[in-house]
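Chemist: What follows is a structure written as structure tokens; I'll ask about it next.
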Amino acid sequence: MRNVFCLATAAMMLAVAGCGQNAPLSGAKAKKGPSFRLAPIARTDVVRTVEATGTVTPRNSPSGIPVGAQVNGRLIKLFADYNSVVTNGQVVALIDPLVYEANYKSAVARLHVSRANVEVGEATVKSREAELQLAEKTYTRKSQLVEKSLAPVAELDSAEEALARARASLDSAKASLKSAIASVEQCEADVSQAEANLKYCTIVSPVDGIVIDRKVEEGETVVSSMNAVPVLTIAEDLKTVWVEATIPEADVGNIKVGQPVTFTADAYRRKFTGKVIQVRRAATTTNNVVTFPVIIEAENPDEMLFPGMTATLSIETARAEDVLVVAAAAFRFRPHEEDITGEMPPGRKLWLVKDDGKLEPIVVKEGVSDDSFTEILADNVDALEGRNAVVGYQTTMTAKQDATSNPFMPKFPKKSKGTAPEPKK
């Protein structure tokens, strides 16, 4: 008798449990037929974001502006060190100038010699011009005397030869003068080069900024080859920094210049703000994953952000405020044919449960979505506020999860997380 009572009690408990699993959600009247999982339609804000990581860099140069030595020599003085604030044109280092001063003086001396040679050449040309004039006059007189038979023909031949030599001497003198002038130009170039090398011994900062790296020590010899040897690295004005983000190709199409960005750095428990200033087209492929660099500019008035820091970014690509939203799963629900009454309207639909337990399709369009919640666009959309949309069929497993708050169901998050907040009451 006791066993029979226990069996009857167990059967009653199973029956009650079965009824609970098939009961409609959200206060729907219990009727025969399928039960549905429902999601509320509420008015709130929704924001679509792209999450990414990036690296803080100085403006205009990802790794800072290298300030190098263009000449060889021993570094005799450093006027800046790590974290030194420098200005445009400020002397930051000095290379031993003795050799370059000697080269400059030698070049200047050669220039003076060349200019003197030009003066000698000009005087020679004038002398040869005078000789030519005399030879021409002599030849003219001899020609007249030979015509009158007052002088032998041999004297005329001698005068003609002297005239030819005078012309050749003038041409040679002019050529020597041109060579001397060219030598002056060459010496002037040598002087300019020697002067430039002498100036390169004094290394100055090209921008206003702060020294973030130093490559050499005082007394060390720098050897310059094809490229300038870096001495210091300067970050330009860290009051404004760039963050170079790496965006996958699937998301880069949503990124536009001017979009707002919030990001955090591991070193601080606060958020920083910025905006997208450049979407670069230089793709990088790593392990078959294609990414594109996106540059974000951010204010750094306290200079808390250092070059090289890792930033976790949230780029806002779309926003809709005070709109009706529903869980994105509601747009993916597809009912069974037996649960549909009437003709199926074309287009995107939300499914609502009528009082008789049947489904009612509402034609809508999707607005801004953050993958968890989607804005509803439709005629008379305000009439949907407060109703529930179907997101799926109720099963034994989902009923148990709903009874204990399913952790996998999307919830209305707070505004601080960059997407839909709690529904407005």
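Every chain in the structure tokens takes a letter, A first, then B, and so on in the order presented; its residues are numbered from 1, and the ligands are numbered from 1 following the presented order.
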Identify, with DSSP run on backbone atoms, the residues in region 128-375 of chain A assigned to alpha helix (DSSP H), and express the list as a PyMOL selection string.
Modeler: chain A and resi 128-147+153-200+249-252
Chemist: Quick one: contact table of region 275-296 of chain A to region 312-323 of chain A, 12 Å max, nearest atom pair and distance in Å to one decimal per residue, counting only C-alpha atoms, chain and number order, as a tab-separated table?
Modeler:
```
residue	atom	partner	partner_atom	distance
A:Lys275	CA	A:Ile315	CA	8.3
A:Val276	CA	A:Ile315	CA	8.3
A:Val294	CA	A:Ile315	CA	10.4
A:Ile295	CA	A:Ile315	CA	11.3
A:Ile296	CA	A:Ile315	CA	9.5
```
Chemist: Restricting the output to N, CA, C and O atoms, write the selected residues as a compact mmCIF listing (two decimals), in the first residue's frame.
Modeler:
```txt
# COMPACT_ATOMS: atom_id res chain seq x y z
N LYS A 275 39.16 59.91 -31.66
CA LYS A 275 38.36 59.77 -32.88
C LYS A 275 39.23 59.21 -33.99
O LYS A 275 40.46 59.38 -33.99
N VAL A 276 38.59 58.57 -34.94
CA VAL A 276 39.28 57.99 -36.09
C VAL A 276 39.69 59.13 -37.02
O VAL A 276 38.86 59.96 -37.41
N VAL A 294 44.21 51.29 -38.56
CA VAL A 294 43.32 52.45 -38.39
C VAL A 294 43.95 53.35 -37.34
O VAL A 294 44.34 52.89 -36.26
N ILE A 295 44.05 54.65 -37.64
CA ILE A 295 44.72 55.60 -36.75
C ILE A 295 43.68 56.40 -35.98
O ILE A 295 42.77 56.99 -36.57
N ILE A 296 43.82 56.38 -34.66
CA ILE A 296 42.94 57.14 -33.77
C ILE A 296 43.76 58.23 -33.10
O ILE A 296 44.86 57.96 -32.60
```
Chemist: Residues of region 165-274 of chain A that have any atom at most 8 Å from an atom of region 66-71 of chain A: could you tabulate them with the shortest-distance atom pair and the distance in Å to one decimal, using only C-alpha atoms, ordered by chain and increasing number, as a tab-separated table?
Modeler:
```
residue	atom	partner	partner_atom	distance
A:Asn197	CA	A:Val71	CA	6.6
A:Tyr200	CA	A:Gln70	CA	6.3
A:Cys201	CA	A:Val71	CA	6.9
A:Ile203	CA	A:Ala69	CA	7.0
A:Val204	CA	A:Val67	CA	7.9
A:Ser205	CA	A:Val67	CA	6.9
A:Pro206	CA	A:Val67	CA	7.7
A:Val222	CA	A:Ala69	CA	7.4
A:Val223	CA	A:Val71	CA	7.1
A:Ser224	CA	A:Val71	CA	5.6
A:Asn227	CA	A:Gln70	CA	7.6
A:Ala228	CA	A:Gln70	CA	5.0
A:Val229	CA	A:Gly68	CA	4.8
A:Pro230	CA	A:Gly68	CA	3.9
A:Val231	CA	A:Gly68	CA	5.0
A:Leu232	CA	A:Val67	CA	5.2
A:Thr233	CA	A:Pro66	CA	4.4
A:Ile234	CA	A:Pro66	CA	6.4
```
Chemist: Extract the full set of strand (DSSP E or B) residues from region 58-96 of chain A according to DSSP on the backbone, and format it as a PyMOL selection string.
Modeler: chain A and resi 58+65-69+73-78+85-86+91-95
Chemist: Got time to write the residues from that selection, C-alpha atoms, as a CSV table (one decimal), in the first residue's frame?
Modeler:
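Below you can see part04.csv, which holds the result:
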```
chain,number,residue,atom,x,y,z
A,58,PRO,CA,53.7,59.6,-31.1
A,65,ILE,CA,61.4,61.0,-35.0
A,66,PRO,CA,65.1,59.8,-35.1
A,67,VAL,CA,67.6,62.5,-34.8
A,68,GLY,CA,70.9,61.3,-36.3
A,69,ALA,CA,74.5,62.1,-37.1
A,73,GLY,CA,83.3,61.6,-35.3
A,74,ARG,CA,83.5,61.4,-31.6
A,75,LEU,CA,80.5,62.6,-29.7
A,76,ILE,CA,82.0,65.1,-27.2
A,77,LYS,CA,78.8,66.4,-25.7
A,78,LEU,CA,75.1,65.4,-25.1
A,85,VAL,CA,61.9,68.4,-23.3
A,86,VAL,CA,63.4,69.9,-26.4
A,91,VAL,CA,71.2,71.8,-29.8
A,92,VAL,CA,71.0,68.3,-28.4
A,93,ALA,CA,74.5,66.9,-29.2
A,94,LEU,CA,77.9,67.9,-30.5
A,95,ILE,CA,80.4,65.9,-32.6
```
Chemist: Could you build a table of the residues in region 300-329 of chain A lying no more than 6 Å from region 370-383 of chain A, giving for each the nearest pair of atoms and their separation in Å rounded to one decimal place, using only C-alpha atoms, ordered by chain and ascending residue number, as CSV?
Modeler:
```
residue,atom,partner,partner_atom,distance
A:Leu324,CA,A:Ile376,CA,5.7
A:Val325,CA,A:Glu375,CA,4.4
A:Val326,CA,A:Phe373,CA,5.5
A:Ala327,CA,A:Phe373,CA,4.4
A:Ala328,CA,A:Phe373,CA,4.8
```
Chemist: Mind checking which residues fall within 12 Å of Glu337 (chain A), counting only C-alpha atoms, ignoring those fewer than 5 positions away in the same chain, and posting them as a PyMOL selection string?
Modeler: chain A and resi 342-344+358-359
Chemist: Those same residues, written as a PDB file, in the first residue's frame with C-alpha atoms?
Modeler:
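Result went into result14.pdb, see below:
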```
ATOM      1  CA  GLY A 342      -3.034  33.079 -43.035  1.00  0.00           C
ATOM      2  CA  GLU A 343      -0.629  34.217 -45.733  1.00  0.00           C
ATOM      3  CA  MET A 344       3.026  34.845 -44.985  1.00  0.00           C
ATOM      4  CA  LYS A 358      -1.086  31.354 -32.686  1.00  0.00           C
ATOM      5  CA  LEU A 359       1.707  33.455 -34.091  1.00  0.00           C
TER       6      LEU A 359
END
```
Chemist: So which one's closest to Phe333 (chain A), A:Arg280, A:Ala102, A:Glu188, A:Val390? Using only C-alpha atoms, please.
Modeler: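 Smallest separation from Phe333 (chain A) among the options: A:Val390.
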Chemist: Could you check the closest approach to Gly386 (chain A) for each of A:Gly367, A:Gln133, A:Leu352, A:Asp237 and tell me which residue wins, using only C-alpha atoms?
Modeler: A:Leu352
Chemist: Rank nothing, just name the residue among A:Ala235, A:Val216, A:Ala329, A:Leu150 nearest to Ser61 (chain A), using only C-alpha atoms.
Modeler: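 Closest residue, counting only C-alpha atoms: A:Ala235.
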Chemist: Write out as a ChimeraX atom specification each polymer residue whose atoms come within 8 Å of region 269-274 of chain A, counting only C-alpha atoms; drop sequence neighbours fewer than 3 positions from it.
Modeler: /A:260-266,296-299
Chemist: So that I have them on file, write out the residues from the current selection with C-alpha atoms, as a compact mmCIF listing (two decimals), in the first residue's frame.
Modeler:
```txt
# COMPACT_ATOMS: atom_id res chain seq x y z
CA PRO A 260 34.25 58.39 -31.75
CA VAL A 261 36.47 55.91 -29.92
CA THR A 262 36.86 54.95 -26.28
CA PHE A 263 39.82 52.93 -25.11
CA THR A 264 41.66 51.80 -22.01
CA ALA A 265 45.30 51.18 -21.23
CA ASP A 266 46.45 48.44 -18.89
CA ILE A 296 42.94 57.14 -33.77
CA GLU A 297 43.91 60.55 -32.41
CA ALA A 298 43.44 61.13 -28.68
CA GLU A 299 44.12 63.97 -26.29
```
Chemist: Report, in Å to a single decimal, how far apart CA of Ala166 (chain A) and CA of Glu131 (chain A) are.
Modeler: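 Result for CA of Glu131 (chain A) versus CA of Ala166 (chain A): 6.0 Å, one decimal.
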Chemist: Would you mind telling me which residue in A:Leu350, A:Gln193, A:Val243, A:Thr286 lies nearest to Ser106 (chain A) when using only C-alpha atoms?
Modeler: A:Gln193
Chemist: Between A:Ser169, A:Met304, A:Val153, A:Arg37, which has the minimum distance to Tyr139 (chain A) (counting only C-alpha atoms)?
Modeler: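 Smallest distance to Tyr139 (chain A) is found for A:Val153.
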Chemist: Could you tell me how far CA of Asp171 (chain A) lies from CA of Ala159 (chain A), in Å and to one decimal?
Modeler: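 Atom-to-atom, CA of Asp171 (chain A) and CA of Ala159 (chain A) are spaced 18.6 Å apart.
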Chemist: Applying 7 Å and only C-alpha atoms, which residues near Ala194 (chain A) remain after dropping the ones on its own chain fewer than 6 positions away? List them as a list in words.
Modeler: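 Near neighbours after the sequence-gap exclusion: Tyr100, Asn103 and Tyr104 of chain A.
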Chemist: If you keep all heavy atoms, can you produce a file of those selected residues as a tab-separated table (two decimals), in the first residue's frame?
Modeler:
```tsv
chain	number	residue	atom	x	y	z
A	100	TYR	N	86.57	68.74	-39.39
A	100	TYR	CA	85.69	69.40	-40.35
A	100	TYR	C	86.01	70.90	-40.44
A	100	TYR	O	85.81	71.51	-41.49
A	100	TYR	CB	84.23	69.15	-39.96
A	100	TYR	CG	83.91	67.68	-39.99
A	100	TYR	CD1	83.92	66.92	-38.82
A	100	TYR	CD2	83.66	67.02	-41.19
A	100	TYR	CE1	83.65	65.57	-38.85
A	100	TYR	CE2	83.39	65.67	-41.23
A	100	TYR	CZ	83.40	64.95	-40.05
A	100	TYR	OH	83.16	63.60	-40.09
A	103	ASN	N	88.94	70.92	-42.84
A	103	ASN	CA	88.47	70.71	-44.22
A	103	ASN	C	87.81	71.97	-44.77
A	103	ASN	O	87.98	72.30	-45.95
A	103	ASN	CB	87.48	69.55	-44.26
A	103	ASN	CG	88.15	68.22	-43.98
A	103	ASN	OD1	89.37	68.07	-44.14
A	103	ASN	ND2	87.36	67.23	-43.57
A	104	TYR	N	87.08	72.66	-43.92
A	104	TYR	CA	86.42	73.89	-44.38
A	104	TYR	C	87.45	74.96	-44.73
A	104	TYR	O	87.35	75.62	-45.78
A	104	TYR	CB	85.47	74.39	-43.30
A	104	TYR	CG	84.86	75.72	-43.59
A	104	TYR	CD1	83.91	75.87	-44.59
A	104	TYR	CD2	85.24	76.85	-42.88
A	104	TYR	CE1	83.34	77.11	-44.88
A	104	TYR	CE2	84.69	78.09	-43.15
A	104	TYR	CZ	83.75	78.21	-44.15
A	104	TYR	OH	83.20	79.44	-44.44
```
Chemist: Determine, counting only C-alpha atoms, which protein, DNA and RNA residues have an atom within 12 Å of an atom of Asp157 (chain A); residues of the same chain fewer than 3 positions away are not included. Present the result as a ChimeraX atom specification.
Modeler: /A:138-140,142-143,146,151-154,160-164
